[in-house]
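Remarks on the structure that follows.
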Amino acid sequence: MPIRTPRRSHLIPRTRDGRIAAVAFLVVFLLALPPVTHTVFNRTEPWLFGVPFLYAMLLVVYVALIGILIWVWRRRL
């Protein structure tokens, strides 16, 4: 009978960089959720790059999320 090794969850990061990436992704993702978008980003008046502030900030948040995912992919975490 073969010896079974305990399987570790693939949902828990195993490296320091993996934990940093997971926490960074969650923190940046929280910026795109309603408590922040309704209180902090919900302004139209300072126009940035020709679009209202809300859309510019959401674009920045989504680009940051994609950047974190690309960083994770390149590091093969």
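Every chain in the structure tokens takes a letter, A first, then B, and so on in the order presented; its residues are numbered from 1, and the ligands are numbered from 1 following the presented order.
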
Find the spatial neighbours of range 18-33 of chain A, counting only C-alpha atoms, within a cut-off of 9 Å - ignore same-chain residues fewer than 3 positions away - and output them as a PDB file with C-alpha atoms, in the first residue's frame.
```pdb
ATOM      1  CA  ILE A  12      -3.481  28.983   0.239  1.00  0.00           C
ATOM      2  CA  PRO A  13      -0.330  30.693  -1.105  1.00  0.00           C
ATOM      3  CA  ARG A  14       2.827  28.734  -0.303  1.00  0.00           C
ATOM      4  CA  THR A  15       5.461  31.424  -0.798  1.00  0.00           C
ATOM      5  CA  VAL A  36     -15.300  52.822  -1.395  1.00  0.00           C
ATOM      6  CA  THR A  37     -16.809  53.689  -4.757  1.00  0.00           C
ATOM      7  CA  HIS A  38     -19.924  55.190  -3.180  1.00  0.00           C
ATOM      8  CA  MET A  57     -10.278  55.916 -10.651  1.00  0.00           C
ATOM      9  CA  LEU A  58     -12.015  52.663 -11.558  1.00  0.00           C
ATOM     10  CA  VAL A  61      -7.990  50.186 -10.003  1.00  0.00           C
ATOM     11  CA  TYR A  62      -8.732  47.698 -12.802  1.00  0.00           C
ATOM     12  CA  ALA A  64      -3.682  47.721 -11.068  1.00  0.00           C
ATOM     13  CA  LEU A  65      -5.576  44.430 -10.705  1.00  0.00           C
ATOM     14  CA  ILE A  68      -0.927  42.213 -10.180  1.00  0.00           C
ATOM     15  CA  LEU A  69      -2.229  39.252 -12.182  1.00  0.00           C
ATOM     16  CA  TRP A  71       3.130  39.961 -12.059  1.00  0.00           C
ATOM     17  CA  VAL A  72       1.862  36.689 -10.550  1.00  0.00           C
ATOM     18  CA  LEU A  77       3.204  31.924  -8.369  1.00  0.00           C
TER      19      LEU A  77
END
```

> Among chain A, which ones does DSSP place in alpha helix (DSSP H), written as a PyMOL selection string?
Replying inline: chain A and resi 16-30+34-39+53-75

>> So that I can check the surroundings of Ala56 in chain A, please list as an NGL selection string every protein, DNA and RNA residue that reaches within 12 Å of it, counting only C-alpha atoms and ignoring chain neighbours fewer than 6 positions away.
In response: :A and (32 or 37 or 41-50 or 62-63)

Could you save those same residues with N, CA, C and O atoms as a PDB file, in the first residue's frame?
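And here is the file that came out, again-v3.pdb:
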```pdb
ATOM      1  N   ALA A  32     -12.576  48.680  -5.589  1.00  0.00           N
ATOM      2  CA  ALA A  32     -13.576  48.675  -6.659  1.00  0.00           C
ATOM      3  C   ALA A  32     -14.968  48.327  -6.147  1.00  0.00           C
ATOM      4  O   ALA A  32     -15.911  48.302  -6.930  1.00  0.00           O
ATOM      5  N   THR A  37     -16.370  52.960  -3.562  1.00  0.00           N
ATOM      6  CA  THR A  37     -16.809  53.689  -4.757  1.00  0.00           C
ATOM      7  C   THR A  37     -17.953  54.645  -4.448  1.00  0.00           C
ATOM      8  O   THR A  37     -18.046  55.698  -5.081  1.00  0.00           O
ATOM      9  N   PHE A  41     -14.935  57.617  -4.291  1.00  0.00           N
ATOM     10  CA  PHE A  41     -14.790  57.845  -5.734  1.00  0.00           C
ATOM     11  C   PHE A  41     -16.031  58.434  -6.384  1.00  0.00           C
ATOM     12  O   PHE A  41     -16.008  58.768  -7.552  1.00  0.00           O
ATOM     13  N   ASN A  42     -17.135  58.575  -5.662  1.00  0.00           N
ATOM     14  CA  ASN A  42     -18.392  58.986  -6.269  1.00  0.00           C
ATOM     15  C   ASN A  42     -18.440  60.498  -6.480  1.00  0.00           C
ATOM     16  O   ASN A  42     -19.210  61.214  -5.868  1.00  0.00           O
ATOM     17  N   ARG A  43     -17.571  60.970  -7.354  1.00  0.00           N
ATOM     18  CA  ARG A  43     -17.549  62.379  -7.734  1.00  0.00           C
ATOM     19  C   ARG A  43     -17.436  62.451  -9.241  1.00  0.00           C
ATOM     20  O   ARG A  43     -16.821  61.605  -9.872  1.00  0.00           O
ATOM     21  N   THR A  44     -18.018  63.449  -9.813  1.00  0.00           N
ATOM     22  CA  THR A  44     -17.906  63.615 -11.263  1.00  0.00           C
ATOM     23  C   THR A  44     -17.079  64.841 -11.616  1.00  0.00           C
ATOM     24  O   THR A  44     -16.641  64.979 -12.743  1.00  0.00           O
ATOM     25  N   GLU A  45     -16.845  65.715 -10.678  1.00  0.00           N
ATOM     26  CA  GLU A  45     -16.304  67.003 -11.069  1.00  0.00           C
ATOM     27  C   GLU A  45     -14.820  67.076 -11.352  1.00  0.00           C
ATOM     28  O   GLU A  45     -14.463  67.686 -12.310  1.00  0.00           O
ATOM     29  N   PRO A  46     -13.909  66.580 -10.626  1.00  0.00           N
ATOM     30  CA  PRO A  46     -12.581  66.699 -11.219  1.00  0.00           C
ATOM     31  C   PRO A  46     -12.483  65.723 -12.383  1.00  0.00           C
ATOM     32  O   PRO A  46     -12.502  64.510 -12.196  1.00  0.00           O
ATOM     33  N   TRP A  47     -12.435  66.236 -13.564  1.00  0.00           N
ATOM     34  CA  TRP A  47     -12.322  65.391 -14.752  1.00  0.00           C
ATOM     35  C   TRP A  47     -10.855  65.032 -14.945  1.00  0.00           C
ATOM     36  O   TRP A  47      -9.983  65.906 -14.923  1.00  0.00           O
ATOM     37  N   LEU A  48     -10.564  63.753 -15.123  1.00  0.00           N
ATOM     38  CA  LEU A  48      -9.199  63.279 -15.345  1.00  0.00           C
ATOM     39  C   LEU A  48      -9.137  62.600 -16.699  1.00  0.00           C
ATOM     40  O   LEU A  48      -9.907  61.678 -16.971  1.00  0.00           O
ATOM     41  N   PHE A  49      -8.259  63.053 -17.532  1.00  0.00           N
ATOM     42  CA  PHE A  49      -8.061  62.469 -18.862  1.00  0.00           C
ATOM     43  C   PHE A  49      -9.345  62.492 -19.692  1.00  0.00           C
ATOM     44  O   PHE A  49      -9.598  61.600 -20.495  1.00  0.00           O
ATOM     45  N   GLY A  50     -10.188  63.489 -19.475  1.00  0.00           N
ATOM     46  CA  GLY A  50     -11.403  63.638 -20.257  1.00  0.00           C
ATOM     47  C   GLY A  50     -12.575  62.801 -19.796  1.00  0.00           C
ATOM     48  O   GLY A  50     -13.592  62.735 -20.482  1.00  0.00           O
ATOM     49  N   TYR A  62      -8.699  48.895 -11.957  1.00  0.00           N
ATOM     50  CA  TYR A  62      -8.732  47.698 -12.802  1.00  0.00           C
ATOM     51  C   TYR A  62      -7.382  47.442 -13.472  1.00  0.00           C
ATOM     52  O   TYR A  62      -6.959  46.290 -13.603  1.00  0.00           O
ATOM     53  N   VAL A  63      -6.687  48.495 -13.871  1.00  0.00           N
ATOM     54  CA  VAL A  63      -5.349  48.320 -14.452  1.00  0.00           C
ATOM     55  C   VAL A  63      -4.391  47.781 -13.390  1.00  0.00           C
ATOM     56  O   VAL A  63      -3.545  46.924 -13.686  1.00  0.00           O
TER      57      VAL A  63
END
```

>> Just the number, please: distance in Å from CA of Arg75 in chain A to CA of Thr5 in chain A, one decimal.
In response: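 According to the coordinates, CA of Arg75 in chain A and CA of Thr5 in chain A are separated by 26.5 Å.
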
>> If I take CA of Asp17 in chain A and CA of Gly67 in chain A, how far is one from the other in Å, to one decimal?
In response: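 Distance reported for this atom pair: 14.6 Å.
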